[in-house]
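**Q** The structure file final-v4.cif (mmCIF, C-alpha atoms and all ligand atoms) is provided below.
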data_work
#
loop_
_atom_site.label_atom_id
_atom_site.label_comp_id
_atom_site.auth_asym_id
_atom_site.auth_seq_id
_atom_site.Cartn_x
_atom_site.Cartn_y
_atom_site.Cartn_z
CA MET J 22 19.37 -53.08 26.35
CA THR J 23 22.02 -55.69 25.88
CA GLY J 24 23.18 -55.59 29.47
CA ARG J 25 26.43 -53.91 28.56
CA LYS J 26 27.61 -51.18 30.91
CA LEU J 27 26.73 -47.63 29.90
CA ILE J 28 29.58 -45.14 29.86
CA ARG J 29 28.54 -41.65 30.89
CA GLY J 30 30.00 -38.44 29.52
CA SER J 31 29.55 -34.69 30.06
CA CYS J 32 31.04 -31.29 29.35
CA LEU J 33 32.79 -29.16 31.98
CA CYS J 34 29.65 -27.24 32.98
CA GLY J 35 27.50 -30.36 32.92
CA ALA J 36 24.85 -28.95 30.60
CA VAL J 37 25.66 -31.49 27.89
CA ARG J 38 25.31 -35.11 28.96
CA PHE J 39 25.39 -38.33 27.00
CA GLU J 40 25.83 -42.05 27.42
CA VAL J 41 27.49 -44.68 25.30
CA GLU J 42 27.01 -48.40 25.08
CA GLN J 43 30.23 -50.40 24.67
CA PRO J 44 32.06 -51.67 22.70
CA PHE J 45 34.04 -48.82 21.17
CA LEU J 46 35.43 -49.20 17.66
CA ARG J 47 38.82 -47.58 18.22
CA ALA J 48 40.61 -44.77 20.01
CA SER J 49 43.49 -42.52 19.01
CA HIS J 50 45.50 -39.41 19.71
CA CYS J 51 45.29 -36.90 16.84
CA HIS J 52 48.17 -34.40 16.58
CA CYS J 53 46.85 -32.46 13.56
CA GLU J 54 46.83 -28.67 13.58
CA ARG J 55 43.04 -28.51 13.83
CA CYS J 56 43.03 -30.72 16.92
CA ARG J 57 45.89 -28.74 18.47
CA LYS J 58 44.19 -25.41 17.93
CA HIS J 59 40.82 -26.66 19.05
CA SER J 60 42.06 -28.32 22.22
CA GLY J 61 44.69 -25.68 23.00
CA THR J 62 47.16 -28.48 23.69
CA ALA J 63 49.07 -31.29 21.99
CA VAL J 64 46.28 -33.59 20.85
CA CYS J 65 42.64 -34.42 20.75
CA THR J 66 42.13 -37.95 22.07
CA GLN J 67 38.95 -39.63 20.93
CA ALA J 68 37.07 -42.91 20.87
CA ARG J 69 34.57 -43.96 18.23
CA VAL J 70 31.29 -45.84 18.57
CA LEU J 71 28.48 -46.69 16.21
CA ARG J 72 25.78 -44.03 16.37
CA LYS J 73 23.17 -46.53 17.53
CA GLN J 74 25.27 -47.03 20.70
CA PHE J 75 25.29 -43.30 21.48
CA ARG J 76 22.55 -41.30 23.19
CA LEU J 77 22.58 -37.55 23.81
CA LEU J 78 20.70 -37.03 27.07
CA ARG J 79 20.65 -33.22 27.36
CA GLY J 80 22.19 -30.03 26.05
CA GLU J 81 21.71 -30.55 22.32
CA ASP J 82 20.91 -26.84 21.87
CA LEU J 83 24.25 -25.86 23.47
CA ILE J 84 26.45 -27.83 21.07
CA ARG J 85 28.11 -25.73 18.37
CA VAL J 86 29.87 -27.21 15.36
CA TYR J 87 33.01 -25.62 13.92
CA GLY J 88 34.64 -26.41 10.60
CA LYS J 89 31.95 -28.26 8.72
CA GLY J 90 33.27 -29.12 5.26
CA GLU J 91 36.93 -28.63 6.26
CA GLY J 92 37.55 -32.14 7.57
CA ALA J 93 36.52 -33.62 10.87
CA VAL J 94 34.33 -31.10 12.71
CA LYS J 95 34.89 -29.75 16.19
CA ALA J 96 31.73 -29.86 18.28
CA PHE J 97 31.83 -28.09 21.62
CA CYS J 98 29.67 -26.76 24.46
CA VAL J 99 28.95 -23.08 23.85
CA THR J 100 28.72 -22.41 27.60
CA CYS J 101 31.96 -23.94 28.90
CA GLY J 102 33.91 -24.56 25.67
CA SER J 103 34.48 -28.27 26.29
CA SER J 104 35.49 -30.18 23.19
CA LEU J 105 32.94 -32.96 22.84
CA PHE J 106 32.65 -34.60 19.45
CA GLY J 107 34.45 -34.76 16.12
CA GLY J 108 34.02 -36.76 12.96
CA GLU J 109 30.85 -35.78 11.12
CA TRP J 110 28.81 -34.64 14.13
CA PRO J 111 25.81 -34.54 14.21
CA ASP J 112 25.71 -36.78 11.13
CA GLY J 113 27.42 -39.97 10.06
CA PRO J 114 27.28 -43.64 11.07
CA GLN J 115 29.79 -43.21 13.89
CA VAL J 116 30.31 -40.75 16.75
CA SER J 117 33.81 -39.60 17.63
CA ILE J 118 33.91 -38.65 21.33
CA ARG J 119 36.69 -36.77 23.14
CA MET J 120 37.85 -39.17 25.79
CA GLY J 121 38.32 -36.44 28.41
CA THR J 122 34.55 -36.02 28.54
CA PHE J 123 33.95 -39.54 29.91
CA ASP J 124 32.81 -39.72 33.52
CA ASP J 125 33.28 -43.49 33.60
CA ASP J 126 36.23 -45.56 32.40
CA PRO J 127 35.36 -46.34 28.78
CA GLY J 128 37.53 -49.47 28.86
CA ILE J 129 39.21 -48.76 25.56
CA ARG J 130 42.65 -47.12 25.52
CA PRO J 131 44.22 -44.98 22.75
CA GLN J 132 45.73 -47.33 20.18
CA CYS J 133 47.79 -45.04 17.96
CA HIS J 134 48.89 -41.52 17.10
CA THR J 135 47.66 -39.86 13.90
CA PHE J 136 49.00 -36.83 12.00
CA VAL J 137 52.30 -37.05 13.87
CA ASP J 138 54.02 -35.06 11.07
CA ASP J 139 51.83 -32.08 12.06
CA ARG J 140 52.60 -32.15 15.76
CA ALA J 141 53.95 -29.17 17.68
CA PRO J 142 57.76 -28.91 18.07
CA TRP J 143 57.43 -29.39 21.82
CA ASP J 144 55.11 -32.41 21.46
CA GLU J 145 57.30 -35.42 22.25
CA ILE J 146 55.62 -38.81 21.96
CA THR J 147 56.89 -41.01 24.78
CA ASP J 148 54.83 -44.18 24.37
CA ASP J 149 55.28 -47.11 21.98
CA LEU J 150 51.94 -46.86 20.17
CA PRO J 151 51.97 -46.95 16.35
CA GLN J 152 52.45 -43.55 14.70
CA TYR J 153 50.88 -42.47 11.42
CA ALA J 154 52.00 -39.47 9.37
CA ALA J 155 48.39 -38.70 8.41
CA GLY J 156 44.96 -40.01 9.35
CA LEU J 157 43.51 -43.49 9.39
CA ILE J 158 41.41 -45.01 6.66
CA GLN J 159 37.85 -44.62 7.88
ZN ZN T 201 29.28 -27.15 29.00
ZN ZN T 202 43.09 -34.03 14.33
#
In structure tokens, how does this file's structure come out?
Ligand SMILES: [Zn+2]
Ligand SMILES: [Zn+2]

**A**
Amino acid sequence: MTGRKLIRGSCLCGAVRFEVEQPFLRASHCHCERCRKHSGTAVCTQARVLRKQFRLLRGEDLIRVYGKGEGAVKAFCVTCGSSLFGGEWPDGPQVSIRMGTFDDDPGIRPQCHTFVDDRAPWDEITDDLPQYAAGLIQ
């Protein structure tokens, strides 16, 4: 361990639990249609860390992955439906974590809005963060 604080996370039913070592790489609000449909609301808000800083503690068998090969995946708890991870889960060099799953303050704050051209008509952005029509360069 490096002595950095571990940030805990879990799904709604608590069956999936994980912990993350800071620092995070970045955080953003994604307004794309896939994130809207998956979350059932305006955005998915996520923070990214290097995979080596992420540890899944329990519930691996309950995580289902939707949309592989169609862009960023949607990984969720099959019991409670909580949206958990995106990106390339369970693969890839980084883990994209839905920020609503954190049980501790992750420190990082959302830094921008992506796919704002795809947002719902009722989705009004009221902060001053940078807005991007599409995604970010990975
Ligand atoms: Zn759950
Ligand atoms: Zn999205």

**Q** Could you work out how far atom CA of Ala141 of chain J lies from atom CA of Tyr87 of chain J, giving the answer in Å with one decimal?

**A**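 Separation between atom CA of Tyr87 of chain J and atom CA of Ala141 of chain J: 21.6 Å.
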
**Q** I want to know what sits within 6 Å of segment 68-82 of chain J, based on only C-alpha atoms, with residues of the same chain fewer than 3 positions away left out; could you give that as a count of residues only?

**A** 16

**Q** Could you give me, as CSV, a per-residue list for chain J showing, wherever an atom lies at most 8 Å from an atom of ligand ZN 201 (chain T), the closest pair of atoms and their distance in Å to one decimal, using all atoms listed in the file and sorting by chain then residue number from low to high?

**A**
residue,atom,partner,partner_atom,distance
J:Ser31,CA,T:ZN201,ZN,7.6
J:Cys32,CA,T:ZN201,ZN,4.5
J:Leu33,CA,T:ZN201,ZN,5.0
J:Cys34,CA,T:ZN201,ZN,4.0
J:Gly35,CA,T:ZN201,ZN,5.4
J:Ala36,CA,T:ZN201,ZN,5.0
J:Val37,CA,T:ZN201,ZN,5.8
J:Leu83,CA,T:ZN201,ZN,7.6
J:Phe97,CA,T:ZN201,ZN,7.9
J:Cys98,CA,T:ZN201,ZN,4.6
J:Val99,CA,T:ZN201,ZN,6.6
J:Thr100,CA,T:ZN201,ZN,5.0
J:Cys101,CA,T:ZN201,ZN,4.2
J:Gly102,CA,T:ZN201,ZN,6.3
J:Ser103,CA,T:ZN201,ZN,6.0

**Q** Could the residues that lie within 10 Å of ligand ZN 202 (chain T), counting only C-alpha atoms and all ligand atoms, be listed as a PyMOL selection string?

**A** chain J and resi 49-60+64-67+92-95+107-108+134-137+139-140+155-156

**Q** Rounded to one decimal in Å, what is the spacing between atom CA of Phe123 of chain J and atom CA of Gly30 of chain J?

**A** 4.1 Å

**Q** Give me segment 63-91 of chain J with N, CA and C atoms filled in, as a PDB file, in the frame of the given file.

**A**
ATOM      1  N   ALA J  63      48.361 -30.485  22.985  1.00  0.00           N
ATOM      2  CA  ALA J  63      49.070 -31.290  21.990  1.00  0.00           C
ATOM      3  C   ALA J  63      48.145 -32.086  21.062  1.00  0.00           C
ATOM      4  N   VAL J  64      47.103 -32.643  21.618  1.00  0.00           N
ATOM      5  CA  VAL J  64      46.280 -33.590  20.850  1.00  0.00           C
ATOM      6  C   VAL J  64      44.804 -33.457  21.213  1.00  0.00           C
ATOM      7  N   CYS J  65      43.972 -33.995  20.349  1.00  0.00           N
ATOM      8  CA  CYS J  65      42.640 -34.420  20.750  1.00  0.00           C
ATOM      9  C   CYS J  65      42.691 -35.948  20.813  1.00  0.00           C
ATOM     10  N   THR J  66      42.177 -36.496  21.895  1.00  0.00           N
ATOM     11  CA  THR J  66      42.130 -37.950  22.070  1.00  0.00           C
ATOM     12  C   THR J  66      40.672 -38.367  22.029  1.00  0.00           C
ATOM     13  N   GLN J  67      40.355 -39.274  21.110  1.00  0.00           N
ATOM     14  CA  GLN J  67      38.950 -39.630  20.930  1.00  0.00           C
ATOM     15  C   GLN J  67      38.729 -41.115  20.741  1.00  0.00           C
ATOM     16  N   ALA J  68      37.509 -41.529  21.072  1.00  0.00           N
ATOM     17  CA  ALA J  68      37.070 -42.910  20.870  1.00  0.00           C
ATOM     18  C   ALA J  68      35.822 -42.880  20.008  1.00  0.00           C
ATOM     19  N   ARG J  69      35.699 -43.894  19.152  1.00  0.00           N
ATOM     20  CA  ARG J  69      34.570 -43.960  18.230  1.00  0.00           C
ATOM     21  C   ARG J  69      33.615 -45.083  18.596  1.00  0.00           C
ATOM     22  N   VAL J  70      32.327 -44.806  18.424  1.00  0.00           N
ATOM     23  CA  VAL J  70      31.290 -45.840  18.570  1.00  0.00           C
ATOM     24  C   VAL J  70      30.304 -45.701  17.419  1.00  0.00           C
ATOM     25  N   LEU J  71      29.587 -46.774  17.168  1.00  0.00           N
ATOM     26  CA  LEU J  71      28.480 -46.690  16.210  1.00  0.00           C
ATOM     27  C   LEU J  71      27.416 -45.769  16.791  1.00  0.00           C
ATOM     28  N   ARG J  72      26.766 -45.006  15.918  1.00  0.00           N
ATOM     29  CA  ARG J  72      25.780 -44.030  16.370  1.00  0.00           C
ATOM     30  C   ARG J  72      24.660 -44.671  17.181  1.00  0.00           C
ATOM     31  N   LYS J  73      24.271 -45.887  16.824  1.00  0.00           N
ATOM     32  CA  LYS J  73      23.170 -46.530  17.530  1.00  0.00           C
ATOM     33  C   LYS J  73      23.541 -46.856  18.984  1.00  0.00           C
ATOM     34  N   GLN J  74      24.840 -46.785  19.328  1.00  0.00           N
ATOM     35  CA  GLN J  74      25.270 -47.030  20.700  1.00  0.00           C
ATOM     36  C   GLN J  74      25.444 -45.733  21.496  1.00  0.00           C
ATOM     37  N   PHE J  75      25.101 -44.608  20.850  1.00  0.00           N
ATOM     38  CA  PHE J  75      25.290 -43.300  21.480  1.00  0.00           C
ATOM     39  C   PHE J  75      23.938 -42.641  21.734  1.00  0.00           C
ATOM     40  N   ARG J  76      23.784 -42.037  22.918  1.00  0.00           N
ATOM     41  CA  ARG J  76      22.550 -41.300  23.190  1.00  0.00           C
ATOM     42  C   ARG J  76      22.877 -39.969  23.862  1.00  0.00           C
ATOM     43  N   LEU J  77      22.436 -38.889  23.222  1.00  0.00           N
ATOM     44  CA  LEU J  77      22.580 -37.550  23.810  1.00  0.00           C
ATOM     45  C   LEU J  77      21.423 -37.342  24.771  1.00  0.00           C
ATOM     46  N   LEU J  78      21.732 -37.107  26.049  1.00  0.00           N
ATOM     47  CA  LEU J  78      20.700 -37.030  27.070  1.00  0.00           C
ATOM     48  C   LEU J  78      20.180 -35.610  27.271  1.00  0.00           C
ATOM     49  N   ARG J  79      21.067 -34.624  27.200  1.00  0.00           N
ATOM     50  CA  ARG J  79      20.650 -33.220  27.360  1.00  0.00           C
ATOM     51  C   ARG J  79      21.698 -32.291  26.774  1.00  0.00           C
ATOM     52  N   GLY J  80      21.261 -31.053  26.492  1.00  0.00           N
ATOM     53  CA  GLY J  80      22.190 -30.030  26.050  1.00  0.00           C
ATOM     54  C   GLY J  80      22.387 -29.915  24.556  1.00  0.00           C
ATOM     55  N   GLU J  81      21.547 -30.570  23.781  1.00  0.00           N
ATOM     56  CA  GLU J  81      21.710 -30.550  22.320  1.00  0.00           C
ATOM     57  C   GLU J  81      21.774 -29.117  21.781  1.00  0.00           C
ATOM     58  N   ASP J  82      20.968 -28.229  22.356  1.00  0.00           N
ATOM     59  CA  ASP J  82      20.910 -26.840  21.870  1.00  0.00           C
ATOM     60  C   ASP J  82      22.168 -26.044  22.209  1.00  0.00           C
ATOM     61  N   LEU J  83      23.026 -26.576  23.072  1.00  0.00           N
ATOM     62  CA  LEU J  83      24.250 -25.860  23.470  1.00  0.00           C
ATOM     63  C   LEU J  83      25.470 -26.303  22.662  1.00  0.00           C
ATOM     64  N   ILE J  84      25.311 -27.316  21.826  1.00  0.00           N
ATOM     65  CA  ILE J  84      26.450 -27.830  21.070  1.00  0.00           C
ATOM     66  C   ILE J  84      26.600 -27.043  19.774  1.00  0.00           C
ATOM     67  N   ARG J  85      27.791 -26.442  19.606  1.00  0.00           N
ATOM     68  CA  ARG J  85      28.110 -25.730  18.370  1.00  0.00           C
ATOM     69  C   ARG J  85      29.105 -26.550  17.572  1.00  0.00           C
ATOM     70  N   VAL J  86      29.004 -26.442  16.250  1.00  0.00           N
ATOM     71  CA  VAL J  86      29.870 -27.210  15.360  1.00  0.00           C
ATOM     72  C   VAL J  86      30.751 -26.250  14.567  1.00  0.00           C
ATOM     73  N   TYR J  87      32.062 -26.435  14.673  1.00  0.00           N
ATOM     74  CA  TYR J  87      33.010 -25.620  13.920  1.00  0.00           C
ATOM     75  C   TYR J  87      33.631 -26.449  12.798  1.00  0.00           C
ATOM     76  N   GLY J  88      33.822 -25.812  11.658  1.00  0.00           N
ATOM     77  CA  GLY J  88      34.640 -26.410  10.600  1.00  0.00           C
ATOM     78  C   GLY J  88      33.963 -27.415   9.712  1.00  0.00           C
ATOM     79  N   LYS J  89      32.660 -27.346   9.602  1.00  0.00           N
ATOM     80  CA  LYS J  89      31.950 -28.260   8.720  1.00  0.00           C
ATOM     81  C   LYS J  89      32.469 -28.085   7.290  1.00  0.00           C
ATOM     82  N   GLY J  90      32.784 -29.184   6.621  1.00  0.00           N
ATOM     83  CA  GLY J  90      33.270 -29.120   5.260  1.00  0.00           C
ATOM     84  C   GLY J  90      34.773 -28.928   5.138  1.00  0.00           C
ATOM     85  N   GLU J  91      35.473 -28.830   6.266  1.00  0.00           N
ATOM     86  CA  GLU J  91      36.930 -28.630   6.260  1.00  0.00           C
ATOM     87  C   GLU J  91      37.669 -29.840   6.819  1.00  0.00           C
TER      88      GLU J  91
END
